[in-house]
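K.L.:
Got a structure for you, questions after.
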Amino acid sequence: MAHAIPLVFPDGSSREYDAAITGAELAESISRSLAKKAVAYALDGALRDLADPVGQGGRIEIVTRDDPRALELIRHDAAHVMAEAVQELYPGTQVTIGPVIENGFYYDFARNEPFTPDDLPAIEKKMREIIARNEPFTKEVWSREKAKEVFRDKGEMYKVELIDAIPEGEDLKIYAQGAWFDLCRGPHMASTGQIGNAFKLMKVAGAYWRGDSDNAMLTRIYGTAWATQEQLDQYLTMLEEAEKRDHRRLGREMDLFHFQEEGPGVVFWHSKGWRMFQNLVSYMRRRLDGTYEEVNAPQVLDHSLWQTSGHWGWYKENMFKVECADEEAEDKRVFALKPMNCPGHVQIFKHGLKSYRDLPIRLAEFGTVHRYEPSGALHGLMRVRGFTQDDAHIFCTEEQLAEECLKINDLILSAYADFGFEEIRVFLSTRPEKRVGSDALWDHAEEIMTGVLEKIQRSDNRITTGINPGDGAFYGPKFDYYLKDAIGREWQCGTTQLDFNLPERFGAFYIDSDSEKKQPVMIHRAICGSMERFLGILIENFAGHFPLWFAPLQVVVATITSDADDYAQQVARRLKGVGLVVETDLRNEKINYKVREHSLAKVPVILVCGKREAEEGTVNVRRLGSRDQTSLPLGEAVASLAEEATPPDIRRAKS
């Protein structure tokens, strides 16, 4: 061998190879069947083209099409094929950028006549033709001058602009599939045929070049691609189900909230929606009782405080600046609406001398915060500009860190379970490239968090744990909690973040056992995160069919005839007397009409009262989503519904 390199395989075995061996040759040397299935290889975890020479020693893996890592390659290659299909069908169209995104891909195109959804079937058909050609993906490295000349001659001026933006000294890679080529970082699979046919073009949208409204408007075509047809079908079914569960539609049907142009990104809560919001706050407040002190920090603070915290430098573009409208005001100053609660909580901690005996101090706030989100990013309750956090900050010693993180974990998992979320992932996000604090401090914090993560994993086999390298906050490592909803979507909600930075910036301290000042560690924690977003998740998870204890309207008492009006009022009073939220429907309408209307509004229980029920002292019970009806004595129905409507945390406390 001219130059031998050691390669370590997934089973731990190690062999030496010539450095010039390619991934494809390596796969062939292992087995012919593996070579046929291979789509890429990974060296020390980084994916590479099969045609690339290995070049150096390390951990080597041959990646086949059924490997989860291949899904990104499938989508990346599908994007290139879509771009080729567009240019074959519509000559003169310019190709700009086309990245892989969650669940799919997109490409932005410049064309005099924007694409419409009617164009998608033809593009899809052409894509399948290109895939059937099974053209190999090949790679060349061009000089900057050659690349600009070739793309300029093709009329691809957006590509010329992209080339100018690539830093000097960085390779310009050109990937070709047959005669079509594009500027791309790669990697790609071996050929277009490996993409398969489990893909679908989803929609078209407008998009400004480089996201800047001062630039030209392009047409973006979105697609999705999967390894198998079964996966594609499951995804499309999930999208159909998600559309039925869309919290914005259900919010209208249930009369919970609305949005309007005069208040972009802020919620207009209707009475039922606000009742549900307060139910969530009340539940979380009960869960904190006796362990946290609830506080409230100001909504508007001088910008100097945000300069001290670092948010003015790190986060200014996402903050709302507030100034007095009177230009002649003597005390005119620049303020900011708070985007988060933590600086205010540090001020509360600092007010008065604290001893090590006082720690840990846990401060909680259901604090309204405001953050600027681009108008295009706003999405119902899921992405707003004004929202409420179930925020808390724990000030503790380093020795108390692990125990506090475990207590937070128990609280988060218990709260999720009360709402029916049992399948949870907990990920530790480690130090990012840009961060504050010494490496020794980060080593210590990550060691503590790793130990906690191991205990979390051992505590419940339903909990999945993992590491997100480099995804920590700039001030410390963190845990992120992901829950899975009824149709399989994951949502990141809860978080636990260590912070050695903010207490130092504000000079927060406590008096230690040796009578010396010592800086506390600050733990940021949230369970719901944004209360608005969590409610949106709950609406979609339950499809509006809330458990009785959480429903904004729990029971409607509906009459069949006016003869039962007085009795229906009596039933309603009995139910209200045990704490249920009840309305009566005494309208002169047919009972089937009333039942349909209240079912559409997702009322969990409808009690039907007619002349016979009034005479017998019974009620006819109808449940949302069921055609069955049960006749029960009024007392039994009231007791049963009262028990069912008891929140799970209160039920536990009683048992």
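By convention here, the chains of the structure tokens are called A, B, ... in the order presented, each chain's residues are numbered starting at 1, and ligands are numbered starting at 1 in the order presented.
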Could you pull out the strand (DSSP E) residues of range 389-567 of chain A from DSSP and send them as number ranges by chain?
P.N.:
A: 389-396, 424-429, 463-468, 478-484, 490-499, 510-511, 517-518, 521-530, 555-559
K.L.:
Which residues, written as a ChimeraX atom specification, have at least one atom at most 9 Å from Gln569 in chain A, with only C-alpha atoms counted and residues fewer than 4 positions away on the same chain left out?
P.N.:
/A:557,564-565,573-574,584
K.L.:
Where does DSSP see alpha helix (DSSP H) in range 197-363 of chain A, if you list the residues as a ChimeraX atom specification?
P.N.:
/A:229-244,247-253,271-288,303-309,311-315,342-350
K.L.:
For a quick check of understanding, using only C-alpha atoms, which of A:Lys36, A:Ser213, A:Asp246, A:Leu50 has the smallest distance to Ala24 in chain A?
P.N.:
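Result for the nearest residue to Ala24 in chain A: A:Leu50.
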K.L.:
What separation in Å, quoted to one decimal, exists between CA of Ser626 in chain A and CA of Ala558 in chain A?
P.N.:
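Separation of CA of Ser626 in chain A and CA of Ala558 in chain A: 16.8 Å.
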K.L.:
Please provide the set of residues having any atom within 7 Å of range 526-538 of chain A, restricted to only C-alpha atoms, with same-chain residues fewer than 5 positions apart removed, written as a list in words.
P.N.:
His247, Leu381, Met382, Phe387, Thr388, Gln389, Asp390, Asp391, Ala392, Ile412, Cys493, Gly494, Thr495 and Thr496 of chain A
K.L.:
List as a ChimeraX atom specification the protein and nucleic acid residues near range 590-599 of chain A, meaning an atom at most 9 Å away when only C-alpha atoms are counted, but skip any in the same chain fewer than 2 places from it.
P.N.:
/A:556,558-561,585,587-588,601-606,608,622-625
K.L.:
Write the selection just made, keeping N, CA and C atoms, as an mmCIF file, in the first residue's frame?
P.N.:
```cif
data_model
loop_
_atom_site.group_PDB
_atom_site.id
_atom_site.type_symbol
_atom_site.label_atom_id
_atom_site.label_comp_id
_atom_site.auth_asym_id
_atom_site.auth_seq_id
_atom_site.Cartn_x
_atom_site.Cartn_y
_atom_site.Cartn_z
ATOM 1 N N VAL A 556 -73.863 20.707 28.717
ATOM 2 C CA VAL A 556 -75.035 21.470 28.278
ATOM 3 C C VAL A 556 -76.275 20.661 28.645
ATOM 4 N N ALA A 558 -79.963 20.259 27.747
ATOM 5 C CA ALA A 558 -80.835 20.622 26.629
ATOM 6 C C ALA A 558 -82.219 20.005 26.822
ATOM 7 N N THR A 559 -83.238 20.769 26.510
ATOM 8 C CA THR A 559 -84.618 20.299 26.680
ATOM 9 C C THR A 559 -85.202 19.793 25.367
ATOM 10 N N ILE A 560 -86.104 18.826 25.509
ATOM 11 C CA ILE A 560 -86.848 18.317 24.354
ATOM 12 C C ILE A 560 -88.096 19.161 24.132
ATOM 13 N N THR A 561 -88.776 19.522 25.221
ATOM 14 C CA THR A 561 -89.984 20.362 25.156
ATOM 15 C C THR A 561 -89.901 21.416 26.251
ATOM 16 N N ASP A 585 -79.816 24.874 27.297
ATOM 17 C CA ASP A 585 -80.328 25.172 25.965
ATOM 18 C C ASP A 585 -81.832 24.909 25.981
ATOM 19 N N ARG A 587 -83.986 26.486 23.926
ATOM 20 C CA ARG A 587 -84.563 27.022 22.688
ATOM 21 C C ARG A 587 -85.652 26.104 22.128
ATOM 22 N N ASN A 588 -86.539 26.712 21.382
ATOM 23 C CA ASN A 588 -87.620 25.963 20.741
ATOM 24 C C ASN A 588 -87.104 25.363 19.434
ATOM 25 N N ALA A 601 -69.519 22.072 18.612
ATOM 26 C CA ALA A 601 -68.773 22.929 19.541
ATOM 27 C C ALA A 601 -67.962 22.124 20.541
ATOM 28 N N LYS A 602 -67.949 20.799 20.392
ATOM 29 C CA LYS A 602 -67.130 19.875 21.194
ATOM 30 C C LYS A 602 -67.475 19.903 22.690
ATOM 31 N N VAL A 603 -68.750 20.035 23.007
ATOM 32 C CA VAL A 603 -69.178 19.938 24.412
ATOM 33 C C VAL A 603 -69.110 18.471 24.822
ATOM 34 N N PRO A 604 -68.376 18.128 25.889
ATOM 35 C CA PRO A 604 -68.157 16.716 26.234
ATOM 36 C C PRO A 604 -69.427 15.957 26.618
ATOM 37 N N VAL A 605 -70.348 16.621 27.348
ATOM 38 C CA VAL A 605 -71.536 15.929 27.858
ATOM 39 C C VAL A 605 -72.780 16.770 27.579
ATOM 40 N N ILE A 606 -73.788 16.137 26.995
ATOM 41 C CA ILE A 606 -75.085 16.776 26.809
ATOM 42 C C ILE A 606 -76.107 15.977 27.614
ATOM 43 N N VAL A 608 -79.917 15.470 28.224
ATOM 44 C CA VAL A 608 -81.193 15.742 27.575
ATOM 45 C C VAL A 608 -82.327 15.540 28.573
ATOM 46 N N ARG A 622 -75.627 11.986 26.975
ATOM 47 C CA ARG A 622 -75.019 11.762 25.664
ATOM 48 C C ARG A 622 -73.587 12.285 25.696
ATOM 49 N N ARG A 623 -72.656 11.444 25.225
ATOM 50 C CA ARG A 623 -71.237 11.783 25.235
ATOM 51 C C ARG A 623 -70.773 12.211 23.850
ATOM 52 N N LEU A 624 -69.868 13.170 23.814
ATOM 53 C CA LEU A 624 -69.301 13.632 22.555
ATOM 54 C C LEU A 624 -68.610 12.476 21.839
ATOM 55 N N GLY A 625 -68.950 12.294 20.568
ATOM 56 C CA GLY A 625 -68.326 11.251 19.769
ATOM 57 C C GLY A 625 -68.991 9.906 19.866
#
```
K.L.:
Trp549 in chain A: which residues within 7 Å, counting only C-alpha atoms, same-chain residues fewer than 6 positions away excluded, as a PDB file with N, CA and C atoms, in the first residue's frame?
P.N.:
```
ATOM      1  N   GLU A 644     -65.636  12.801  37.687  1.00  0.00           N
ATOM      2  CA  GLU A 644     -64.895  12.811  36.422  1.00  0.00           C
ATOM      3  C   GLU A 644     -64.267  14.174  36.156  1.00  0.00           C
ATOM      4  N   ALA A 645     -64.903  15.235  36.595  1.00  0.00           N
ATOM      5  CA  ALA A 645     -64.416  16.593  36.340  1.00  0.00           C
ATOM      6  C   ALA A 645     -63.359  17.041  37.348  1.00  0.00           C
ATOM      7  N   THR A 646     -63.010  16.180  38.285  1.00  0.00           N
ATOM      8  CA  THR A 646     -61.970  16.528  39.253  1.00  0.00           C
ATOM      9  C   THR A 646     -60.603  16.436  38.581  1.00  0.00           C
ATOM     10  N   PRO A 647     -59.811  17.507  38.573  1.00  0.00           N
ATOM     11  CA  PRO A 647     -58.493  17.455  37.939  1.00  0.00           C
ATOM     12  C   PRO A 647     -57.628  16.350  38.552  1.00  0.00           C
TER      13      PRO A 647
END
```
K.L.:
Can I get the residues of range 279-314 of chain A within 12 Å of range 464-488 of chain A, each with the closest pair of atoms and their distance in Å to one decimal, using only C-alpha atoms, sorted chain first then ascending number, as a tab-separated table?
P.N.:
```
residue	atom	partner	partner_atom	distance
A:Ser309	CA	A:Tyr475	CA	11.3
A:Gly310	CA	A:Tyr475	CA	10.7
A:His311	CA	A:Phe474	CA	11.6
A:Trp314	CA	A:Phe474	CA	10.0
```
K.L.:
Of the residues A:Pro99, A:Pro339, A:Gly579, A:Gly55, which is the one nearest to His80 in chain A, using only C-alpha atoms?
P.N.:
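Going through A:Pro99, A:Pro339, A:Gly579, A:Gly55 one by one, the smallest distance to His80 in chain A is for A:Pro99.
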K.L.:
Which residues come within 8 Å of Gln94 in chain A, counting only C-alpha atoms, excluding same-chain residues fewer than 3 positions away, as a list in words?
P.N.:
Gln87, Phe109, Ala110, Arg111, Gly155, Glu156, Met157 and Tyr158 of chain A
K.L.:
Those residues with N, CA and C atoms, as a compact mmCIF listing (two decimals), in the first residue's frame please?
P.N.:
```txt
# COMPACT_ATOMS: atom_id res chain seq x y z
N GLN A 87 -36.78 22.90 -15.21
CA GLN A 87 -36.08 23.54 -16.33
C GLN A 87 -36.29 22.80 -17.64
N PHE A 109 -37.64 29.32 -7.46
CA PHE A 109 -37.44 29.52 -8.89
C PHE A 109 -37.79 30.95 -9.29
N ALA A 110 -37.02 31.49 -10.23
CA ALA A 110 -37.31 32.80 -10.80
C ALA A 110 -37.89 32.59 -12.19
N ARG A 111 -39.14 33.04 -12.38
CA ARG A 111 -39.84 32.85 -13.65
C ARG A 111 -40.80 34.02 -13.84
N GLY A 155 -27.61 32.18 -18.17
CA GLY A 155 -28.63 33.13 -17.72
C GLY A 155 -29.02 32.93 -16.27
N GLU A 156 -28.19 32.18 -15.52
CA GLU A 156 -28.48 31.89 -14.10
C GLU A 156 -27.80 32.95 -13.23
N MET A 157 -28.37 34.15 -13.19
CA MET A 157 -27.72 35.26 -12.48
C MET A 157 -27.81 35.11 -10.96
N TYR A 158 -28.82 34.41 -10.48
CA TYR A 158 -28.89 34.17 -9.03
C TYR A 158 -27.74 33.28 -8.59
```
K.L.:
List the spatial neighbours of Asp649 in chain A as a PyMOL selection string - criterion: any atom at most 12 Å away, only C-alpha atoms, same-chain residues fewer than 4 positions off excluded.
P.N.:
chain A and resi 282-289+411+414-419+549+645+653-655
K.L.:
How about saving the chosen residues, C-alpha atoms kept, as a PDB file, in the first residue's frame?
P.N.:
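Output file selection36.pdb follows:
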```pdb
ATOM      1  CA  SER A 282     -54.734  27.148  37.800  1.00  0.00           C
ATOM      2  CA  TYR A 283     -53.484  23.610  37.205  1.00  0.00           C
ATOM      3  CA  MET A 284     -49.862  24.758  36.941  1.00  0.00           C
ATOM      4  CA  ARG A 285     -50.273  27.039  39.977  1.00  0.00           C
ATOM      5  CA  ARG A 286     -51.543  24.108  42.067  1.00  0.00           C
ATOM      6  CA  ARG A 287     -48.554  22.018  40.985  1.00  0.00           C
ATOM      7  CA  LEU A 288     -46.199  24.731  42.308  1.00  0.00           C
ATOM      8  CA  ASP A 289     -47.948  25.196  45.650  1.00  0.00           C
ATOM      9  CA  LEU A 411     -42.677  17.817  37.808  1.00  0.00           C
ATOM     10  CA  SER A 414     -45.971  14.321  35.922  1.00  0.00           C
ATOM     11  CA  ALA A 415     -47.647  17.358  34.329  1.00  0.00           C
ATOM     12  CA  TYR A 416     -47.369  15.879  30.843  1.00  0.00           C
ATOM     13  CA  ALA A 417     -48.834  12.592  32.070  1.00  0.00           C
ATOM     14  CA  ASP A 418     -51.851  14.443  33.499  1.00  0.00           C
ATOM     15  CA  PHE A 419     -52.578  15.671  29.979  1.00  0.00           C
ATOM     16  CA  TRP A 549     -61.768  18.236  33.839  1.00  0.00           C
ATOM     17  CA  ALA A 645     -64.416  16.593  36.340  1.00  0.00           C
ATOM     18  CA  ALA A 653     -54.215  14.672  46.697  1.00  0.00           C
ATOM     19  CA  LYS A 654     -57.518  13.213  47.901  1.00  0.00           C
ATOM     20  CA  SER A 655     -56.417   9.600  47.585  1.00  0.00           C
TER      21      SER A 655
END
```
K.L.:
Do you have the CA of Ala639 in chain A-CA of Met254 in chain A distance handy?
P.N.:
26.4 Å
K.L.:
Which of these, A:His370, A:Arg357, A:Arg220, A:Arg458, has the shortest distance to Ala336 in chain A once you count only C-alpha atoms?
P.N.:
A:His370
